[in-house]
Amino acid sequence: KFCSLAGIMLLEVFLVLGTVIIYFLFSKKKEETLPFKEGWWGRGQKPDTEEDTTVRPFKVETTEEELSDLFRRLDQARFTEPLENSCFHYGTNSVYLRKVVSYWKNQFNWKKQVEVLNKYPQFKTKIQGIDIHFVHVKPPRLPKGQSAKPLLMVHGWPGSFYEFYKIIPLLTDPASHGLSDEHVFEVICPSIPGYGFSEAPHKKDFNSVSAASVFYELMLRLGFNEFYAQGGDAGWLICTNLAQIAPNHMKGLHLNLVMVTKMGVTDLLSILLGPYLPGLFGFQDEDVRRMFPFLKKGLYKILLEFGYAHIQATKPDTVGCSLNDSPVGLAAYILEKFSSWTDMEFQNLEDGGLERKFNLDDLLTNIMIYWVSGCMVSSMRFYKENIGKGIGTQKHEKLTVQVPTGIASFPNEIMHTPQAWAQKKYTNLVSFHFMPRGGHFAALEEPELLAKDILQFVGKVEKEQLQKKR
């Protein structure tokens, strides 16, 4: 009797243990995927009728009235005298800003830049109640027996789809630019809703998961069941979320910025002991050089450079409305980011080093996209929707990414994330490269370096997939 009772108890223990194991196995598996966010972001109530899924051609156009209004505002600009020898330490230096405004009024040819913008095919389509703008470039030629690989490229703030105009030909026609044509891409560059020529959401809570869900629908609508994705800045987060939503549809994820919002005890210890025991935490010499001393290169840099993010994550409309009303204010706000995020050392120069890496035509074209579309307020709101509820509180922050991932780590990026931290989030890290030069706006600043890294990453992914099939 005792033996049978003991047997029953043992059986119960095994059943309980088995149930617990099965629960954790299945619940973990279930949590690996981020739910698709079905939303309605149009005005008013969602209509009962089916959404128009037509893809319509689009061209950038501005009227003479819009340009007259712009020039009137530029003529009436009020400038404040900068402090002596302040360079860009207080923000955009108004001595240099006067030069930019003078160029804008007297030499910058917006009509010519509109032609540049319209040289690539652009479209709009309605998704979840709002018009989504995107550039879609197919390869001019394909090597025999090869098909183009769809690549979604997502910009960030204060950038735009125009950031990719220099890298697009390197990816769609690599052979003509001295690159390997083993992999040729069909490139899709959408404007994030609320940025550029994509309609702004009319409802609250449109965050990175919402944008990822919209872009997932866009790719499926264009007939791409499998695709690659690439992003930096907000594009990093949107593409990461897309990999979490549709891991079976994304062949590979390439990023030129990675930020980790969930950190364990080991990671925190690595901040304290990393300079002394780098090998213990998986740090390379370059990690140590970029990260330490952490107080100066980490914490102090965040306090110095992320004031804008706090404003935009709390009260975006207050500042946004003033920038939307003043082209000179808008230029000052955006140019400061293109200076410090390209190279923090540029703050020591009176011109912010802006023309060392960019030309004024490119910088003003990006600013004009914000001005003519009137999107500054809505683009800033994206920070409130993503950060306003607190860092580390969102489900996507707690989930890993299973999709093959490649990271191009540029030396002048504002914050450095070492491979040892990144691979805890991106568990299938195929490539991680320290880039020789460049900063935050990699596609515009160093298009060839970024294109080469994308090409080698895709090569590795394709090779691995081919080996698995065999």
# chains A, B, ... in the order shown; residues from 1 in each chain; ligands from 1
call {"tool": "closest_atom_pairs", "arguments": {"of": "stretch 106-221 of chain A", "to": "stretch 235-259 of chain A", "cutoff": "10 Å", "atoms": "only C-alpha atoms", "output": "JSON lines"}}
result
{"residue": "A:Lys149", "atom": "CA", "partner": "A:Lys251", "partner_atom": "CA", "distance": 9.8}
{"residue": "A:Pro150", "atom": "CA", "partner": "A:Lys251", "partner_atom": "CA", "distance": 9.8}
{"residue": "A:Leu151", "atom": "CA", "partner": "A:Gly252", "partner_atom": "CA", "distance": 9.4}
{"residue": "A:Leu152", "atom": "CA", "partner": "A:Cys239", "partner_atom": "CA", "distance": 8.6}
{"residue": "A:Met153", "atom": "CA", "partner": "A:Gly235", "partner_atom": "CA", "distance": 7.6}
{"residue": "A:Val154", "atom": "CA", "partner": "A:Gly235", "partner_atom": "CA", "distance": 4.6}
{"residue": "A:His155", "atom": "CA", "partner": "A:Gly235", "partner_atom": "CA", "distance": 5.1}
{"residue": "A:Gly156", "atom": "CA", "partner": "A:Gly235", "partner_atom": "CA", "distance": 5.4}
{"residue": "A:Trp157", "atom": "CA", "partner": "A:Gly235", "partner_atom": "CA", "distance": 9.0}
{"residue": "A:Ile192", "atom": "CA", "partner": "A:Gly235", "partner_atom": "CA", "distance": 8.7}
{"residue": "A:Asn207", "atom": "CA", "partner": "A:Ile238", "partner_atom": "CA", "distance": 8.8}
{"residue": "A:Ser208", "atom": "CA", "partner": "A:Ile238", "partner_atom": "CA", "distance": 5.1}
{"residue": "A:Val209", "atom": "CA", "partner": "A:Asn241", "partner_atom": "CA", "distance": 5.8}
{"residue": "A:Ser210", "atom": "CA", "partner": "A:Ile238", "partner_atom": "CA", "distance": 8.6}
{"residue": "A:Ala211", "atom": "CA", "partner": "A:Ile238", "partner_atom": "CA", "distance": 6.4}
{"residue": "A:Ala212", "atom": "CA", "partner": "A:Leu242", "partner_atom": "CA", "distance": 4.9}
{"residue": "A:Ser213", "atom": "CA", "partner": "A:Leu242", "partner_atom": "CA", "distance": 6.8}
{"residue": "A:Val214", "atom": "CA", "partner": "A:Leu242", "partner_atom": "CA", "distance": 9.5}
{"residue": "A:Phe215", "atom": "CA", "partner": "A:Leu242", "partner_atom": "CA", "distance": 8.0}
{"residue": "A:Tyr216", "atom": "CA", "partner": "A:Leu242", "partner_atom": "CA", "distance": 6.9}
{"residue": "A:Met219", "atom": "CA", "partner": "A:His249", "partner_atom": "CA", "distance": 9.8}
{"residue": "A:Leu220", "atom": "CA", "partner": "A:His249", "partner_atom": "CA", "distance": 9.5}
call {"tool": "closest_residue", "arguments": {"among": "A:Ser68, A:Asn386, A:Thr318, A:Asn428", "to": "A:Val403", "atoms": "only C-alpha atoms"}}
result
A:Asn428
call {"tool": "residues_around", "arguments": {"residues": "A:Arg221", "least_positions_apart": "3", "cutoff": "10 Å", "atoms": "only C-alpha atoms", "output": "PyMOL selection string"}}
result
chain A and resi 53-55+125+127+215-218+224-225
call {"tool": "select_by_dssp", "arguments": {"residues": "stretch 338-467 of chain A", "states": "alpha helix (DSSP H)", "output": "count of residues only"}}
result
69
call {"tool": "closest_residue", "arguments": {"among": "A:Val288, A:Val265, A:Leu304, A:Leu330", "to": "A:Gln347", "atoms": "only C-alpha atoms"}}
result
A:Leu304
call {"tool": "residues_around", "arguments": {"residues": "A:Ala77", "least_positions_apart": "5", "cutoff": "9 Å", "atoms": "only C-alpha atoms", "output": "list in words"}}
result
Arg72, Ser326, Pro327, Val328 and Gly329 of chain A
call {"tool": "closest_residue", "arguments": {"among": "A:Cys87, A:Gln230, A:Ile271, A:Val100", "to": "A:Phe292", "atoms": "only C-alpha atoms"}}
result
A:Ile271
call {"tool": "residues_around", "arguments": {"residues": "A:Leu455", "least_positions_apart": "3", "cutoff": "10 Å", "atoms": "only C-alpha atoms", "output": "list in words"}}
result
Leu170, Leu171, Pro174, Leu179, Ser180, Asp181, Glu182, His183, Val184, Phe185, Leu450, Ala451, Lys452, Val458, Gly459 and Lys460 of chain A
call {"tool": "closest_atom_pairs", "arguments": {"of": "stretch 136-198 of chain A", "to": "stretch 60-67 of chain A", "cutoff": "12 Å", "atoms": "only C-alpha atoms", "output": "CSV"}}
result
residue,atom,partner,partner_atom,distance
A:Tyr162,CA,A:Val60,CA,11.9
A:Gly196,CA,A:Val60,CA,10.3
A:Phe197,CA,A:Val60,CA,8.5
A:Ser198,CA,A:Val60,CA,11.9
call {"tool": "residues_around", "arguments": {"residues": "stretch 275-278 of chain A", "least_positions_apart": "5", "cutoff": "12 Å", "atoms": "only C-alpha atoms", "output": "number ranges by chain"}}
result
A: 267, 269-270, 283-294, 418, 420
call {"tool": "select_by_dssp", "arguments": {"residues": "stretch 309-462 of chain A", "states": "strand (DSSP E)", "output": "list of chain:residue names"}}
result
A:Thr405, A:Gly406, A:Ile407, A:Ala408, A:Ser409, A:Leu429, A:Val430, A:Ser431, A:Phe432, A:His433, A:Phe434
call {"tool": "decode", "arguments": {"residues": "stretch 219-235 of chain A", "atoms": "all heavy atoms", "output": "mmCIF file, in the first residue's frame"}}
result
data_model
loop_
_atom_site.group_PDB
_atom_site.id
_atom_site.type_symbol
_atom_site.label_atom_id
_atom_site.label_comp_id
_atom_site.auth_asym_id
_atom_site.auth_seq_id
_atom_site.Cartn_x
_atom_site.Cartn_y
_atom_site.Cartn_z
ATOM 1 N N MET A 219 5.226 45.858 -47.501
ATOM 2 C CA MET A 219 6.054 44.873 -48.211
ATOM 3 C C MET A 219 5.203 43.734 -48.774
ATOM 4 O O MET A 219 5.420 43.283 -49.907
ATOM 5 C CB MET A 219 7.149 44.327 -47.290
ATOM 6 C CG MET A 219 8.188 45.363 -46.885
ATOM 7 S SD MET A 219 9.003 46.181 -48.277
ATOM 8 C CE MET A 219 10.302 44.987 -48.662
ATOM 9 N N LEU A 220 4.221 43.284 -48.005
ATOM 10 C CA LEU A 220 3.325 42.226 -48.500
ATOM 11 C C LEU A 220 2.490 42.739 -49.675
ATOM 12 O O LEU A 220 2.272 42.025 -50.649
ATOM 13 C CB LEU A 220 2.408 41.730 -47.372
ATOM 14 C CG LEU A 220 3.084 40.968 -46.222
ATOM 15 C CD1 LEU A 220 2.053 40.578 -45.163
ATOM 16 C CD2 LEU A 220 3.819 39.719 -46.706
ATOM 17 N N ARG A 221 2.051 43.995 -49.578
ATOM 18 C CA ARG A 221 1.245 44.586 -50.652
ATOM 19 C C ARG A 221 2.045 44.697 -51.955
ATOM 20 O O ARG A 221 1.499 44.558 -53.047
ATOM 21 C CB ARG A 221 0.739 45.973 -50.229
ATOM 22 C CG ARG A 221 -0.240 46.573 -51.232
ATOM 23 C CD ARG A 221 -0.874 47.837 -50.686
ATOM 24 N NE ARG A 221 -1.707 47.566 -49.518
ATOM 25 C CZ ARG A 221 -2.390 48.501 -48.855
ATOM 26 N NH1 ARG A 221 -2.336 49.768 -49.252
ATOM 27 N NH2 ARG A 221 -3.120 48.178 -47.812
ATOM 28 N N LEU A 222 3.351 44.924 -51.806
ATOM 29 C CA LEU A 222 4.210 45.022 -52.992
ATOM 30 C C LEU A 222 4.621 43.646 -53.518
ATOM 31 O O LEU A 222 5.359 43.541 -54.490
ATOM 32 C CB LEU A 222 5.463 45.851 -52.664
ATOM 33 C CG LEU A 222 5.226 47.330 -52.310
ATOM 34 C CD1 LEU A 222 6.523 48.003 -51.907
ATOM 35 C CD2 LEU A 222 4.586 48.081 -53.473
ATOM 36 N N GLY A 223 4.139 42.604 -52.840
ATOM 37 C CA GLY A 223 4.382 41.239 -53.324
ATOM 38 C C GLY A 223 5.630 40.589 -52.769
ATOM 39 O O GLY A 223 6.090 39.581 -53.302
ATOM 40 N N PHE A 224 6.191 41.157 -51.693
ATOM 41 C CA PHE A 224 7.422 40.591 -51.120
ATOM 42 C C PHE A 224 7.101 39.756 -49.885
ATOM 43 O O PHE A 224 6.832 40.296 -48.819
ATOM 44 C CB PHE A 224 8.415 41.706 -50.750
ATOM 45 C CG PHE A 224 8.772 42.591 -51.920
ATOM 46 C CD1 PHE A 224 8.573 43.956 -51.859
ATOM 47 C CD2 PHE A 224 9.302 42.041 -53.084
ATOM 48 C CE1 PHE A 224 8.902 44.779 -52.930
ATOM 49 C CE2 PHE A 224 9.637 42.850 -54.163
ATOM 50 C CZ PHE A 224 9.438 44.221 -54.089
ATOM 51 N N ASN A 225 7.151 38.449 -50.057
ATOM 52 C CA ASN A 225 6.877 37.550 -48.944
ATOM 53 C C ASN A 225 8.126 37.359 -48.089
ATOM 54 O O ASN A 225 8.048 37.068 -46.898
ATOM 55 C CB ASN A 225 6.380 36.199 -49.473
ATOM 56 C CG ASN A 225 5.635 35.428 -48.418
ATOM 57 O OD1 ASN A 225 4.842 35.992 -47.665
ATOM 58 N ND2 ASN A 225 5.908 34.143 -48.312
ATOM 59 N N GLU A 226 9.299 37.531 -48.716
ATOM 60 C CA GLU A 226 10.582 37.475 -48.014
ATOM 61 C C GLU A 226 11.402 38.697 -48.401
ATOM 62 O O GLU A 226 11.422 39.082 -49.569
ATOM 63 C CB GLU A 226 11.363 36.211 -48.392
ATOM 64 C CG GLU A 226 10.849 34.944 -47.743
ATOM 65 C CD GLU A 226 11.812 33.783 -47.977
ATOM 66 O OE1 GLU A 226 12.413 33.713 -49.070
ATOM 67 O OE2 GLU A 226 11.972 32.956 -47.060
ATOM 68 N N PHE A 227 12.064 39.289 -47.425
ATOM 69 C CA PHE A 227 12.836 40.498 -47.727
ATOM 70 C C PHE A 227 13.906 40.733 -46.660
ATOM 71 O O PHE A 227 13.877 40.144 -45.572
ATOM 72 C CB PHE A 227 11.915 41.728 -47.815
ATOM 73 C CG PHE A 227 11.020 41.914 -46.609
ATOM 74 C CD1 PHE A 227 11.442 42.669 -45.522
ATOM 75 C CD2 PHE A 227 9.756 41.332 -46.565
ATOM 76 C CE1 PHE A 227 10.633 42.833 -44.405
ATOM 77 C CE2 PHE A 227 8.936 41.492 -45.446
ATOM 78 C CZ PHE A 227 9.365 42.252 -44.370
ATOM 79 N N TYR A 228 14.844 41.624 -46.998
ATOM 80 C CA TYR A 228 15.842 42.098 -46.048
ATOM 81 C C TYR A 228 15.395 43.475 -45.552
ATOM 82 O O TYR A 228 14.613 44.155 -46.225
ATOM 83 C CB TYR A 228 17.212 42.205 -46.718
ATOM 84 C CG TYR A 228 17.876 40.875 -46.968
ATOM 85 C CD1 TYR A 228 17.690 40.195 -48.182
ATOM 86 C CD2 TYR A 228 18.692 40.284 -46.002
ATOM 87 C CE1 TYR A 228 18.299 38.963 -48.412
ATOM 88 C CE2 TYR A 228 19.302 39.053 -46.226
ATOM 89 C CZ TYR A 228 19.095 38.401 -47.421
ATOM 90 O OH TYR A 228 19.692 37.190 -47.638
ATOM 91 N N ALA A 229 15.923 43.881 -44.384
ATOM 92 C CA ALA A 229 15.612 45.217 -43.862
ATOM 93 C C ALA A 229 16.882 45.851 -43.316
ATOM 94 O O ALA A 229 17.761 45.157 -42.799
ATOM 95 C CB ALA A 229 14.549 45.143 -42.783
ATOM 96 N N GLN A 230 16.973 47.181 -43.460
ATOM 97 C CA GLN A 230 18.159 47.914 -43.005
ATOM 98 C C GLN A 230 17.712 49.218 -42.354
ATOM 99 O O GLN A 230 16.801 49.885 -42.831
ATOM 100 C CB GLN A 230 19.078 48.212 -44.199
ATOM 101 C CG GLN A 230 20.522 48.513 -43.852
ATOM 102 C CD GLN A 230 20.766 49.899 -43.273
ATOM 103 O OE1 GLN A 230 20.072 50.853 -43.600
ATOM 104 N NE2 GLN A 230 21.753 50.040 -42.401
ATOM 105 N N GLY A 231 18.381 49.578 -41.250
ATOM 106 C CA GLY A 231 18.016 50.835 -40.609
ATOM 107 C C GLY A 231 19.043 51.328 -39.619
ATOM 108 O O GLY A 231 19.870 50.577 -39.107
ATOM 109 N N GLY A 232 18.985 52.630 -39.371
ATOM 110 C CA GLY A 232 19.755 53.284 -38.317
ATOM 111 C C GLY A 232 18.795 54.241 -37.633
ATOM 112 O O GLY A 232 17.681 54.457 -38.112
ATOM 113 N N ASP A 233 19.190 54.834 -36.503
ATOM 114 C CA ASP A 233 18.318 55.744 -35.766
ATOM 115 C C ASP A 233 16.965 55.065 -35.525
ATOM 116 O O ASP A 233 16.934 53.895 -35.139
ATOM 117 C CB ASP A 233 18.168 57.077 -36.524
ATOM 118 C CG ASP A 233 17.622 58.184 -35.637
ATOM 119 O OD1 ASP A 233 18.413 58.851 -34.949
ATOM 120 O OD2 ASP A 233 16.392 58.382 -35.616
ATOM 121 N N ALA A 234 15.844 55.757 -35.771
ATOM 122 C CA ALA A 234 14.528 55.139 -35.555
ATOM 123 C C ALA A 234 14.332 53.927 -36.460
ATOM 124 O O ALA A 234 13.580 52.999 -36.126
ATOM 125 C CB ALA A 234 13.423 56.160 -35.801
ATOM 126 N N GLY A 235 15.023 53.922 -37.605
ATOM 127 C CA GLY A 235 14.958 52.773 -38.512
ATOM 128 C C GLY A 235 15.474 51.508 -37.859
ATOM 129 O O GLY A 235 14.998 50.403 -38.154
#
